[in-house]
$ cat final_31.tsv   # TSV, C-alpha atoms
chain	number	residue	atom	x	y	z
A	1	MET	CA	-57.49	-106.33	-90.84
A	2	ARG	CA	-57.87	-102.59	-90.54
A	3	LYS	CA	-59.61	-102.40	-93.92
A	4	LYS	CA	-62.02	-105.22	-93.15
A	5	ASN	CA	-63.05	-103.59	-89.88
A	6	GLN	CA	-63.66	-100.37	-91.72
A	7	LEU	CA	-66.02	-102.06	-94.20
A	8	VAL	CA	-67.87	-103.90	-91.44
A	9	LYS	CA	-68.22	-100.60	-89.59
A	10	LEU	CA	-69.71	-98.89	-92.65
A	11	TYR	CA	-72.10	-101.81	-93.13
A	12	ASP	CA	-73.22	-101.74	-89.49
A	13	GLU	CA	-73.62	-97.98	-89.50
A	14	PHE	CA	-75.75	-98.11	-92.61
A	15	PHE	CA	-78.35	-100.36	-90.97
A	16	ALA	CA	-78.04	-98.69	-87.55
A	17	ASN	CA	-78.94	-95.32	-89.12
A	18	PHE	CA	-81.33	-96.43	-91.83
A	19	ASN	CA	-83.13	-93.18	-92.70
A	20	THR	CA	-83.42	-90.64	-95.54
A	21	GLY	CA	-79.94	-89.23	-94.88
A	22	MET	CA	-78.32	-92.66	-95.11
A	23	ILE	CA	-80.28	-93.60	-98.26
A	24	ALA	CA	-79.25	-90.26	-99.81
A	25	TRP	CA	-75.62	-90.82	-98.80
A	26	LEU	CA	-75.53	-94.32	-100.32
A	27	LEU	CA	-77.29	-93.25	-103.54
A	28	HIS	CA	-75.01	-90.20	-103.84
A	29	ARG	CA	-72.01	-92.50	-103.60
A	30	ILE	CA	-73.35	-95.12	-106.04
A	31	THR	CA	-74.43	-92.47	-108.60
A	32	GLY	CA	-71.06	-90.74	-108.15
A	33	VAL	CA	-69.14	-93.92	-108.96
A	34	LEU	CA	-71.46	-94.66	-111.93
A	35	LEU	CA	-70.89	-91.14	-113.26
A	36	VAL	CA	-67.11	-91.48	-113.04
A	37	LEU	CA	-67.35	-94.73	-115.03
A	38	TYR	CA	-69.72	-93.10	-117.54
A	39	PHE	CA	-67.37	-90.13	-117.86
A	40	PHE	CA	-64.53	-92.37	-119.07
A	41	MET	CA	-66.73	-93.96	-121.74
A	42	HIS	CA	-67.97	-90.50	-122.74
A	43	ALA	CA	-64.36	-89.24	-122.98
A	44	PHE	CA	-63.43	-92.12	-125.29
A	45	VAL	CA	-66.43	-91.50	-127.57
A	46	ILE	CA	-66.05	-87.70	-127.76
A	47	GLY	CA	-62.23	-87.96	-127.68
A	48	SER	CA	-62.45	-89.65	-131.09
A	49	ALA	CA	-62.81	-86.09	-132.45
A	50	VAL	CA	-59.01	-85.78	-132.24
A	51	ARG	CA	-58.77	-88.46	-134.96
A	52	GLY	CA	-61.01	-86.42	-137.25
A	53	GLY	CA	-64.63	-86.15	-138.34
A	54	VAL	CA	-64.86	-89.66	-139.83
A	55	SER	CA	-63.81	-91.34	-136.56
A	56	PHE	CA	-66.07	-89.04	-134.55
A	57	ASP	CA	-69.12	-89.80	-136.69
A	58	ALA	CA	-68.41	-93.55	-136.54
A	59	ALA	CA	-68.11	-93.46	-132.73
A	60	LEU	CA	-71.21	-91.27	-132.35
A	61	ALA	CA	-73.26	-93.52	-134.68
A	62	LYS	CA	-72.62	-96.48	-132.36
A	63	VAL	CA	-74.16	-94.68	-129.37
A	64	GLN	CA	-77.08	-93.02	-131.16
A	65	THR	CA	-79.26	-96.08	-131.39
A	66	PRO	CA	-82.70	-96.68	-129.78
A	67	PHE	CA	-81.01	-98.93	-127.18
A	68	PHE	CA	-78.60	-96.18	-126.07
A	69	HIS	CA	-81.31	-93.49	-126.17
A	70	ILE	CA	-83.34	-95.56	-123.71
A	71	LEU	CA	-80.25	-96.01	-121.51
A	72	GLU	CA	-79.92	-92.21	-121.56
A	73	ILE	CA	-83.10	-92.01	-119.48
A	74	GLY	CA	-81.18	-93.84	-116.75
A	75	LEU	CA	-78.14	-91.63	-117.29
A	76	ILE	CA	-80.18	-88.45	-116.90
A	77	GLY	CA	-81.83	-89.93	-113.79
A	78	VAL	CA	-78.43	-90.72	-112.26
A	79	ILE	CA	-77.06	-87.25	-113.11
A	80	PHE	CA	-80.07	-85.37	-111.74
A	81	PHE	CA	-80.25	-87.44	-108.57
A	82	HIS	CA	-76.58	-86.60	-107.91
A	83	LEU	CA	-77.14	-82.95	-108.89
A	84	LEU	CA	-80.25	-82.42	-106.77
A	85	ASN	CA	-78.88	-84.30	-103.75
A	86	GLY	CA	-75.65	-82.28	-104.12
A	87	LEU	CA	-77.70	-79.08	-104.04
A	88	ARG	CA	-79.43	-80.40	-100.93
A	89	LEU	CA	-76.02	-80.98	-99.31
A	90	LEU	CA	-74.89	-77.46	-100.25
A	91	ILE	CA	-78.07	-75.99	-98.80
A	92	ILE	CA	-77.53	-77.97	-95.59
A	93	ASP	CA	-73.80	-77.07	-95.43
A	94	LEU	CA	-73.99	-73.40	-96.31
A	95	THR	CA	-77.34	-72.23	-94.94
A	96	GLY	CA	-79.03	-72.78	-91.62
A	97	LEU	CA	-81.46	-75.27	-93.09
A	98	SER	CA	-79.88	-78.47	-91.72
A	99	LYS	CA	-83.00	-79.17	-89.64
A	100	ALA	CA	-85.01	-79.26	-92.86
A	101	HIS	CA	-82.84	-81.97	-94.46
A	102	LYS	CA	-85.65	-84.54	-94.55
A	103	VAL	CA	-88.14	-82.10	-96.01
A	104	LEU	CA	-85.52	-81.15	-98.61
A	105	PHE	CA	-84.93	-84.85	-99.36
A	106	TRP	CA	-88.62	-85.46	-100.12
A	107	PHE	CA	-88.97	-82.16	-101.98
A	108	PHE	CA	-86.04	-83.01	-104.28
A	109	THR	CA	-87.21	-86.63	-104.64
A	110	ILE	CA	-90.62	-85.47	-105.89
A	111	ALA	CA	-88.96	-82.86	-108.17
A	112	LEU	CA	-86.72	-85.61	-109.59
A	113	LEU	CA	-89.63	-88.01	-110.18
A	114	VAL	CA	-91.67	-85.32	-111.99
A	115	PHE	CA	-88.66	-84.31	-114.10
A	116	MET	CA	-87.84	-87.95	-114.92
A	117	GLY	CA	-91.46	-88.64	-115.86
A	118	TYR	CA	-91.23	-85.81	-118.39
A	119	THR	CA	-87.76	-86.91	-119.62
A	120	ALA	CA	-88.73	-90.57	-120.04
A	121	THR	CA	-91.91	-89.63	-121.91
A	122	MET	CA	-89.99	-87.29	-124.21
A	123	ILE	CA	-87.19	-89.77	-125.00
A	124	LEU	CA	-89.53	-92.75	-125.45
A	125	THR	CA	-91.80	-90.70	-127.73
A	126	ASP	CA	-88.79	-89.68	-129.85
A	127	VAL	CA	-87.44	-93.24	-130.03
A	128	LEU	CA	-90.83	-94.71	-130.92
A	129	SER	CA	-91.54	-92.12	-133.61
A	130	ALA	CA	-88.03	-92.56	-135.10
A	131	THR	CA	-88.34	-96.36	-135.24
A	132	GLY	CA	-92.01	-96.50	-136.20
A	133	GLY	CA	-92.87	-98.24	-132.94
A	134	HIS	CA	-90.31	-101.03	-133.24
A	135	ILE	CA	-87.37	-101.19	-130.85
A	136	LYS	CA	-84.75	-103.75	-131.66
B	1	MET	CA	-51.45	-86.16	-88.95
B	2	SER	CA	-49.68	-82.99	-89.93
B	3	ALA	CA	-51.29	-79.58	-90.37
B	4	HIS	CA	-50.23	-79.71	-93.99
B	5	ILE	CA	-52.49	-82.68	-94.76
B	6	LYS	CA	-55.41	-81.09	-92.93
B	7	THR	CA	-55.03	-77.88	-94.93
B	8	ARG	CA	-55.02	-79.78	-98.22
B	9	GLY	CA	-58.14	-81.68	-97.17
B	10	VAL	CA	-60.04	-78.48	-96.43
B	11	PHE	CA	-58.98	-77.02	-99.77
B	12	SER	CA	-60.27	-80.00	-101.75
B	13	TRP	CA	-63.46	-80.09	-99.65
B	14	PHE	CA	-64.03	-76.44	-100.59
B	15	LEU	CA	-63.14	-76.96	-104.27
B	16	GLN	CA	-65.54	-79.93	-104.41
B	17	ARG	CA	-68.36	-77.56	-103.41
B	18	VAL	CA	-67.26	-74.80	-105.79
B	19	THR	CA	-67.07	-77.24	-108.73
B	20	ALA	CA	-70.42	-78.74	-107.64
B	21	LEU	CA	-72.09	-75.33	-108.09
B	22	LEU	CA	-70.29	-74.76	-111.40
B	23	LEU	CA	-71.44	-78.19	-112.61
B	24	VAL	CA	-75.07	-77.47	-111.72
B	25	TYR	CA	-74.91	-74.74	-114.38
B	26	PHE	CA	-72.50	-76.35	-116.88
B	27	LEU	CA	-73.75	-79.94	-116.77
B	28	GLY	CA	-77.36	-78.73	-116.58
B	29	THR	CA	-76.86	-76.62	-119.73
B	30	HIS	CA	-74.90	-79.43	-121.47
B	31	ILE	CA	-77.78	-81.89	-120.84
B	32	VAL	CA	-80.50	-79.42	-121.86
B	33	ILE	CA	-78.69	-78.60	-125.14
B	34	LEU	CA	-77.87	-82.22	-126.03
B	35	HIS	CA	-80.96	-84.06	-124.81
B	36	PHE	CA	-83.84	-81.57	-124.72
B	37	ILE	CA	-83.17	-78.96	-127.43
B	38	LYS	CA	-81.25	-81.06	-129.98
B	39	LYS	CA	-83.11	-82.84	-132.69
B	40	GLY	CA	-81.58	-85.23	-135.18
B	41	THR	CA	-78.31	-87.11	-135.27
B	42	ILE	CA	-75.19	-85.60	-133.71
B	43	THR	CA	-72.24	-85.53	-136.15
B	44	PHE	CA	-68.87	-83.78	-136.40
B	45	ALA	CA	-70.50	-81.33	-138.84
B	46	SER	CA	-73.58	-80.66	-136.68
B	47	VAL	CA	-71.48	-79.98	-133.56
B	48	GLY	CA	-69.09	-77.79	-135.59
B	49	GLU	CA	-72.03	-75.82	-136.96
B	50	LYS	CA	-73.47	-75.27	-133.49
B	51	PHE	CA	-70.06	-74.21	-132.12
B	52	ALA	CA	-69.42	-71.89	-135.09
B	53	ALA	CA	-72.59	-69.95	-134.27
B	54	ASN	CA	-71.09	-68.90	-130.92
B	55	PRO	CA	-67.41	-69.97	-130.78
B	56	ILE	CA	-66.29	-67.83	-127.84
B	57	PHE	CA	-69.21	-68.91	-125.67
B	58	TYR	CA	-68.63	-72.62	-126.34
B	59	LYS	CA	-64.87	-72.34	-125.92
B	60	VAL	CA	-65.15	-70.64	-122.52
B	61	PHE	CA	-68.03	-72.98	-121.61
B	62	TYR	CA	-66.10	-76.22	-122.17
B	63	PHE	CA	-62.74	-74.86	-121.00
B	64	VAL	CA	-64.28	-74.21	-117.57
B	65	PHE	CA	-66.68	-77.18	-117.63
B	66	ILE	CA	-64.18	-79.97	-118.44
B	67	PRO	CA	-61.51	-79.17	-115.79
B	68	SER	CA	-64.28	-78.63	-113.18
B	69	LEU	CA	-65.87	-81.97	-114.03
B	70	VAL	CA	-62.58	-83.88	-114.03
B	71	PHE	CA	-61.64	-82.41	-110.65
B	72	HIS	CA	-65.08	-83.10	-109.14
B	73	ALA	CA	-65.16	-86.70	-110.46
B	74	LEU	CA	-61.64	-87.63	-109.35
B	75	ASN	CA	-61.79	-85.80	-106.04
B	76	GLY	CA	-65.09	-87.61	-105.42
B	77	ALA	CA	-63.40	-90.92	-106.25
B	78	TRP	CA	-60.58	-89.94	-103.89
B	79	SER	CA	-62.98	-89.32	-100.98
B	80	VAL	CA	-64.67	-92.69	-101.55
B	81	PHE	CA	-61.21	-94.31	-101.56
B	82	VAL	CA	-60.06	-92.52	-98.38
B	83	ASP	CA	-63.25	-93.63	-96.58
B	84	TYR	CA	-61.88	-97.18	-96.61
B	85	ASN	CA	-58.81	-96.05	-94.68
B	86	PRO	CA	-55.96	-97.10	-97.00
B	87	SER	CA	-52.35	-96.99	-95.79
B	88	PRO	CA	-50.27	-93.84	-96.49
B	89	ALA	CA	-48.22	-95.68	-99.14
B	90	VAL	CA	-51.34	-96.78	-101.04
B	91	ARG	CA	-52.77	-93.26	-100.73
B	92	LYS	CA	-49.67	-91.84	-102.33
B	93	ILE	CA	-49.76	-94.24	-105.29
B	94	VAL	CA	-53.51	-93.84	-105.89
B	95	GLY	CA	-53.24	-90.06	-105.50
B	96	LEU	CA	-50.52	-89.95	-108.13
B	97	ILE	CA	-52.53	-92.15	-110.51
B	98	LEU	CA	-55.60	-89.94	-110.08
B	99	TRP	CA	-53.53	-86.83	-110.88
B	100	LEU	CA	-52.16	-88.48	-114.03
B	101	ILE	CA	-55.66	-89.57	-115.11
B	102	GLY	CA	-56.96	-86.07	-114.40
B	103	ILE	CA	-54.31	-84.29	-116.44
B	104	THR	CA	-54.62	-86.79	-119.32
B	105	PHE	CA	-58.41	-86.57	-119.55
B	106	THR	CA	-58.49	-82.79	-119.18
B	107	ALA	CA	-55.98	-82.53	-122.03
B	108	LEU	CA	-57.94	-85.04	-124.14
B	109	GLY	CA	-61.24	-83.24	-123.49
B	110	LEU	CA	-59.90	-79.78	-124.29
B	111	THR	CA	-58.16	-81.09	-127.44
B	112	ALA	CA	-61.38	-82.79	-128.59
B	113	ILE	CA	-63.31	-79.54	-128.05
B	114	SER	CA	-60.64	-77.60	-129.99
B	115	PHE	CA	-60.97	-80.04	-132.91
B	116	LEU	CA	-64.78	-79.71	-132.83
B	117	LEU	CA	-64.40	-75.92	-132.80
B	118	GLY	CA	-62.18	-76.22	-135.90
B	119	ARG	CA	-59.26	-75.15	-133.67
$ encode --input "final_31.tsv" --output "C-alpha coordinates"
Amino acid sequence: MRKKNQLVKLYDEFFANFNTGMIAWLLHRITGVLLVLYFFMHAFVIGSAVRGGVSFDAALAKVQTPFFHILEIGLIGVIFFHLLNGLRLLIIDLTGLSKAHKVLFWFFTIALLVFMGYTATMILTDVLSATGGHIK
Amino acid sequence: MSAHIKTRGVFSWFLQRVTALLLVYFLGTHIVILHFIKKGTITFASVGEKFAANPIFYKVFYFVFIPSLVFHALNGAWSVFVDYNPSPAVRKIVGLILWLIGITFTALGLTAISFLLGR
(Lines of atoms letter the chains of each structure in order from A and count residues from 1; the text may use other names and numbers.)
(Lines give C-alpha, C1' and ligand atoms only; values in the text may rest on other atoms or scores of the structure.)
Protein backbone atom coordinates (compact mmCIF):
# COMPACT_ATOMS: atom_id res chain seq x y z
CA MET A 1 0.00 0.00 0.00
CA ARG A 2 2.83 2.32 0.90
CA LYS A 3 4.59 1.61 -2.40
CA LYS A 4 1.49 2.17 -4.50
CA ASN A 5 0.85 5.52 -2.85
CA GLN A 6 4.41 6.50 -3.55
CA LEU A 7 4.04 5.75 -7.28
CA VAL A 8 0.72 7.58 -7.49
CA LYS A 9 2.34 10.54 -5.75
CA LEU A 10 5.21 10.62 -8.25
CA TYR A 11 2.72 10.40 -11.12
CA ASP A 12 0.59 13.24 -9.74
CA GLU A 13 3.61 15.40 -9.04
CA PHE A 14 4.90 14.93 -12.54
CA PHE A 15 1.75 16.40 -14.10
CA ALA A 16 1.26 19.00 -11.36
CA ASN A 17 4.75 20.40 -12.07
CA PHE A 18 4.98 19.83 -15.81
CA ASN A 19 7.85 22.14 -16.80
CA THR A 20 11.45 21.99 -18.05
CA GLY A 21 12.77 20.85 -14.67
CA MET A 22 10.34 17.93 -14.52
CA ILE A 23 11.02 16.91 -18.14
CA ALA A 24 14.77 17.07 -17.41
CA TRP A 25 14.31 15.02 -14.23
CA LEU A 26 12.30 12.31 -16.02
CA LEU A 27 14.69 12.15 -19.00
CA HIS A 28 17.70 12.05 -16.65
CA ARG A 29 16.16 9.09 -14.87
CA ILE A 30 15.16 7.23 -18.07
CA THR A 31 18.58 7.81 -19.71
CA GLY A 32 20.26 6.78 -16.45
CA VAL A 33 18.40 3.46 -16.36
CA LEU A 34 19.09 2.88 -20.09
CA LEU A 35 22.80 3.55 -19.52
CA VAL A 36 22.98 1.06 -16.64
CA LEU A 37 21.38 -1.57 -18.91
CA TYR A 38 23.74 -0.65 -21.76
CA PHE A 39 26.71 -0.84 -19.39
CA PHE A 40 25.99 -4.50 -18.59
CA MET A 41 25.83 -5.42 -22.29
CA HIS A 42 29.02 -3.43 -22.89
CA ALA A 43 30.74 -5.25 -19.99
CA PHE A 44 29.81 -8.64 -21.47
CA VAL A 45 31.12 -7.69 -24.93
CA ILE A 46 34.39 -6.11 -23.73
CA GLY A 47 34.72 -8.65 -20.89
CA SER A 48 35.20 -11.32 -23.58
CA ALA A 49 38.80 -10.06 -23.71
CA VAL A 50 39.53 -12.23 -20.65
CA ARG A 51 38.88 -15.31 -22.84
CA GLY A 52 41.48 -14.13 -25.35
CA GLY A 53 41.74 -12.29 -28.65
CA VAL A 54 39.66 -14.77 -30.67
CA SER A 55 36.63 -14.43 -28.36
CA PHE A 56 37.06 -10.66 -28.22
CA ASP A 57 37.16 -10.31 -32.01
CA ALA A 58 34.11 -12.58 -32.39
CA ALA A 59 32.13 -10.56 -29.83
CA LEU A 60 33.23 -7.22 -31.34
CA ALA A 61 32.36 -8.38 -34.89
CA LYS A 62 28.76 -8.97 -33.80
CA VAL A 63 28.33 -5.35 -32.67
CA GLN A 64 30.23 -3.65 -35.48
CA THR A 65 27.52 -3.94 -38.09
CA PRO A 66 25.61 -1.11 -39.85
CA PHE A 67 22.59 -1.85 -37.62
CA PHE A 68 24.59 -1.37 -34.40
CA HIS A 69 26.43 1.68 -35.76
CA ILE A 70 23.06 3.34 -36.36
CA LEU A 71 21.94 2.38 -32.83
CA GLU A 72 25.13 4.07 -31.59
CA ILE A 73 23.65 7.41 -32.66
CA GLY A 74 20.94 6.80 -30.06
CA LEU A 75 23.51 5.66 -27.52
CA ILE A 76 25.58 8.82 -27.95
CA GLY A 77 22.40 10.90 -27.71
CA VAL A 78 21.42 9.19 -24.45
CA ILE A 79 24.95 9.59 -23.00
CA PHE A 80 25.25 13.26 -23.92
CA PHE A 81 21.78 14.14 -22.70
CA HIS A 82 22.67 12.58 -19.32
CA LEU A 83 26.11 14.23 -19.35
CA LEU A 84 24.89 17.72 -20.25
CA ASN A 85 21.89 17.60 -17.90
CA GLY A 86 24.24 16.33 -15.17
CA LEU A 87 26.49 19.33 -15.80
CA ARG A 88 23.43 21.55 -15.57
CA LEU A 89 22.58 19.98 -12.19
CA LEU A 90 26.15 20.51 -10.96
CA ILE A 91 26.06 24.14 -12.07
CA ILE A 92 22.74 24.61 -10.25
CA ASP A 93 23.97 22.76 -7.12
CA LEU A 94 27.43 24.25 -6.80
CA THR A 95 27.11 27.78 -8.17
CA GLY A 96 24.56 30.48 -7.58
CA LEU A 97 22.96 29.94 -10.97
CA SER A 98 19.83 28.09 -9.81
CA LYS A 99 17.63 30.93 -11.08
CA ALA A 100 19.03 30.34 -14.55
CA HIS A 101 18.03 26.65 -14.62
CA LYS A 102 15.55 27.09 -17.48
CA VAL A 103 17.98 29.11 -19.57
CA LEU A 104 20.59 26.42 -18.93
CA PHE A 105 18.07 23.73 -19.93
CA TRP A 106 17.43 25.35 -23.32
CA PHE A 107 21.10 26.20 -23.82
CA PHE A 108 22.13 22.57 -23.25
CA THR A 109 19.19 21.27 -25.32
CA ILE A 110 20.31 23.35 -28.32
CA ALA A 111 23.96 22.30 -27.75
CA LEU A 112 22.85 18.65 -27.67
CA LEU A 113 20.77 18.96 -30.85
CA VAL A 114 23.65 20.61 -32.75
CA PHE A 115 26.11 17.98 -31.50
CA MET A 116 23.72 15.14 -32.36
CA GLY A 117 23.12 16.58 -35.83
CA TYR A 118 26.87 16.43 -36.42
CA THR A 119 27.19 12.93 -34.86
CA ALA A 120 24.28 11.45 -36.83
CA THR A 121 25.59 12.90 -40.09
CA MET A 122 29.08 11.55 -39.41
CA ILE A 123 27.92 8.03 -38.47
CA LEU A 124 25.37 7.76 -41.30
CA THR A 125 27.97 8.97 -43.82
CA ASP A 126 30.44 6.33 -42.57
CA VAL A 127 27.83 3.56 -42.63
CA LEU A 128 26.60 4.48 -46.11
CA SER A 129 30.11 4.72 -47.57
CA ALA A 130 31.10 1.39 -45.96
CA THR A 131 28.03 -0.43 -47.29
CA GLY A 132 27.89 1.32 -50.67
CA GLY A 133 24.52 2.85 -49.80
CA HIS A 134 22.80 -0.40 -48.82
CA ILE A 135 21.80 -1.01 -45.22
CA LYS A 136 20.55 -4.45 -44.43
CA MET B 1 16.37 7.45 11.09
CA SER B 2 19.78 7.35 12.69
CA ALA B 3 22.56 9.87 12.13
CA HIS B 4 24.63 7.05 10.70
CA ILE B 5 22.28 6.56 7.74
CA LYS B 6 22.12 10.30 7.09
CA THR B 7 25.91 10.55 7.03
CA ARG B 8 26.18 7.69 4.53
CA GLY B 9 23.57 9.33 2.32
CA VAL B 10 25.48 12.61 2.20
CA PHE B 11 28.69 10.76 1.38
CA SER B 12 27.15 8.94 -1.59
CA TRP B 13 25.43 12.15 -2.74
CA PHE B 14 28.84 13.84 -2.75
CA LEU B 15 30.59 10.89 -4.46
CA GLN B 16 27.87 10.85 -7.13
CA ARG B 17 28.83 14.45 -8.01
CA VAL B 18 32.57 13.78 -7.87
CA THR B 19 32.24 10.74 -10.17
CA ALA B 20 29.89 12.76 -12.42
CA LEU B 21 32.67 15.31 -13.03
CA LEU B 22 35.25 12.55 -13.53
CA LEU B 23 32.95 10.85 -16.05
CA VAL B 24 32.48 14.06 -18.04
CA TYR B 25 36.21 13.83 -18.79
CA PHE B 26 36.65 10.03 -18.93
CA LEU B 27 33.46 9.07 -20.76
CA GLY B 28 33.79 12.13 -23.03
CA THR B 29 37.34 11.07 -23.99
CA HIS B 30 36.31 7.39 -24.34
CA ILE B 31 33.50 8.35 -26.78
CA VAL B 32 35.67 10.77 -28.76
CA ILE B 33 38.44 8.16 -29.17
CA LEU B 34 36.10 5.28 -30.07
CA HIS B 35 33.45 7.03 -32.15
CA PHE B 36 34.99 10.20 -33.57
CA ILE B 37 38.73 9.54 -34.01
CA LYS B 38 38.72 5.79 -34.68
CA LYS B 39 38.48 4.54 -38.19
CA GLY B 40 38.14 0.91 -39.20
CA THR B 41 37.15 -2.21 -37.31
CA ILE B 42 38.00 -2.56 -33.62
CA THR B 43 39.87 -5.81 -32.86
CA PHE B 44 41.95 -7.24 -30.02
CA ALA B 45 45.06 -6.33 -32.06
CA SER B 46 43.94 -2.78 -32.88
CA VAL B 47 43.09 -2.00 -29.24
CA GLY B 48 46.37 -3.59 -28.08
CA GLU B 49 48.29 -1.47 -30.58
CA LYS B 50 46.59 1.72 -29.41
CA PHE B 51 47.23 0.84 -25.74
CA ALA B 52 50.87 -0.09 -26.44
CA ALA B 53 51.52 3.41 -27.79
CA ASN B 54 50.74 4.89 -24.36
CA PRO B 55 50.36 2.05 -21.81
CA ILE B 56 50.65 4.11 -18.61
CA PHE B 57 48.11 6.67 -19.78
CA TYR B 58 45.54 4.03 -20.75
CA LYS B 59 46.12 1.99 -17.60
CA VAL B 60 45.58 4.98 -15.30
CA PHE B 61 42.71 6.17 -17.53
CA TYR B 62 40.68 2.95 -17.30
CA PHE B 63 41.65 2.15 -13.71
CA VAL B 64 40.04 5.43 -12.61
CA PHE B 65 37.28 5.43 -15.24
CA ILE B 66 35.83 1.94 -14.61
CA PRO B 67 35.42 2.15 -10.80
CA SER B 68 34.00 5.69 -11.15
CA LEU B 69 31.49 4.53 -13.76
CA VAL B 70 30.44 1.44 -11.80
CA PHE B 71 29.91 3.52 -8.65
CA HIS B 72 27.98 6.24 -10.50
CA ALA B 73 25.76 3.71 -12.33
CA LEU B 74 24.92 1.60 -9.28
CA ASN B 75 24.56 4.52 -6.89
CA GLY B 76 22.22 6.08 -9.48
CA ALA B 77 20.23 2.83 -9.60
CA TRP B 78 20.16 2.86 -5.80
CA SER B 79 18.69 6.39 -5.67
CA VAL B 80 15.99 5.44 -8.19
CA PHE B 81 15.20 2.38 -6.04
CA VAL B 82 15.08 4.36 -2.77
CA ASP B 83 12.68 6.88 -4.38
CA TYR B 84 10.00 4.18 -4.32
CA ASN B 85 10.33 3.88 -0.55
CA PRO B 86 11.19 0.19 -0.10
CA SER B 87 11.18 -1.39 3.37
CA PRO B 88 14.46 -1.53 5.36
CA ALA B 89 14.74 -5.30 4.79
CA VAL B 90 14.41 -4.93 1.01
CA ARG B 91 16.89 -2.04 1.07
CA LYS B 92 19.42 -4.24 2.81
CA ILE B 93 19.09 -7.09 0.30
CA VAL B 94 19.17 -4.82 -2.76
CA GLY B 95 22.09 -2.84 -1.30
CA LEU B 96 24.05 -6.04 -0.82
CA ILE B 97 23.26 -7.23 -4.37
CA LEU B 98 24.37 -3.88 -5.81
CA TRP B 99 27.67 -4.08 -3.91
CA LEU B 100 28.27 -7.61 -5.23
CA ILE B 101 27.44 -6.52 -8.80
CA GLY B 102 29.71 -3.50 -8.40
CA ILE B 103 32.71 -5.47 -7.17
CA THR B 104 32.21 -8.19 -9.82
CA PHE B 105 31.93 -5.77 -12.74
CA THR B 106 34.81 -3.58 -11.56
CA ALA B 107 36.99 -6.70 -11.33
CA LEU B 108 35.81 -7.92 -14.76
CA GLY B 109 36.41 -4.50 -16.35
CA LEU B 110 39.89 -4.06 -14.90
CA THR B 111 40.83 -7.65 -15.85
CA ALA B 112 39.59 -7.10 -19.42
CA ILE B 113 41.65 -3.89 -19.66
CA SER B 114 44.73 -5.73 -18.31
CA PHE B 115 44.29 -8.43 -20.98
CA LEU B 116 43.93 -5.77 -23.70
CA LEU B 117 47.07 -4.07 -22.37
CA GLY B 118 48.89 -7.42 -22.67
CA ARG B 119 48.97 -7.48 -18.84
$ residues_around --input "final_31.tsv" --residues "segment 27-33 of chain B" --least-positions-apart "2" --cutoff "12 Å" --atoms "all atoms listed in the file" --output "ChimeraX atom specification"
/A:72-73,75-77,79-80,82-84,119 /B:19-25,35-39,42,47,50-51,58,61-62,64-66,68-69,72
$ closest_atom_pairs --input "final_31.tsv" --of "chain B" --to "chain A" --cutoff "6 Å" --atoms "all atoms listed in the file" --output "Markdown table"
| residue | atom | partner | partner_atom | distance |
| --- | --- | --- | --- | --- |
| B:Thr43 | CA | A:Asp57 | CA | 5.3 |
| B:Phe44 | CA | A:Gly53 | CA | 5.2 |
| B:Ala73 | CA | A:Val36 | CA | 5.8 |
| B:Ala112 | CA | A:Ala49 | CA | 5.3 |
$ atom_distance --input "final_31.tsv" --atom1 "atom CA of Lys92 of chain B" --atom2 "atom CA of Trp13 of chain B"
18.3 Å
$ atom_distance --input "final_31.tsv" --atom1 "atom CA of Gly109 of chain B" --atom2 "atom CA of Val45 of chain A"
10.6 Å
$ atom_distance --input "final_31.tsv" --atom1 "atom CA of Thr131 of chain A" --atom2 "atom CA of Pro66 of chain A"
7.9 Å
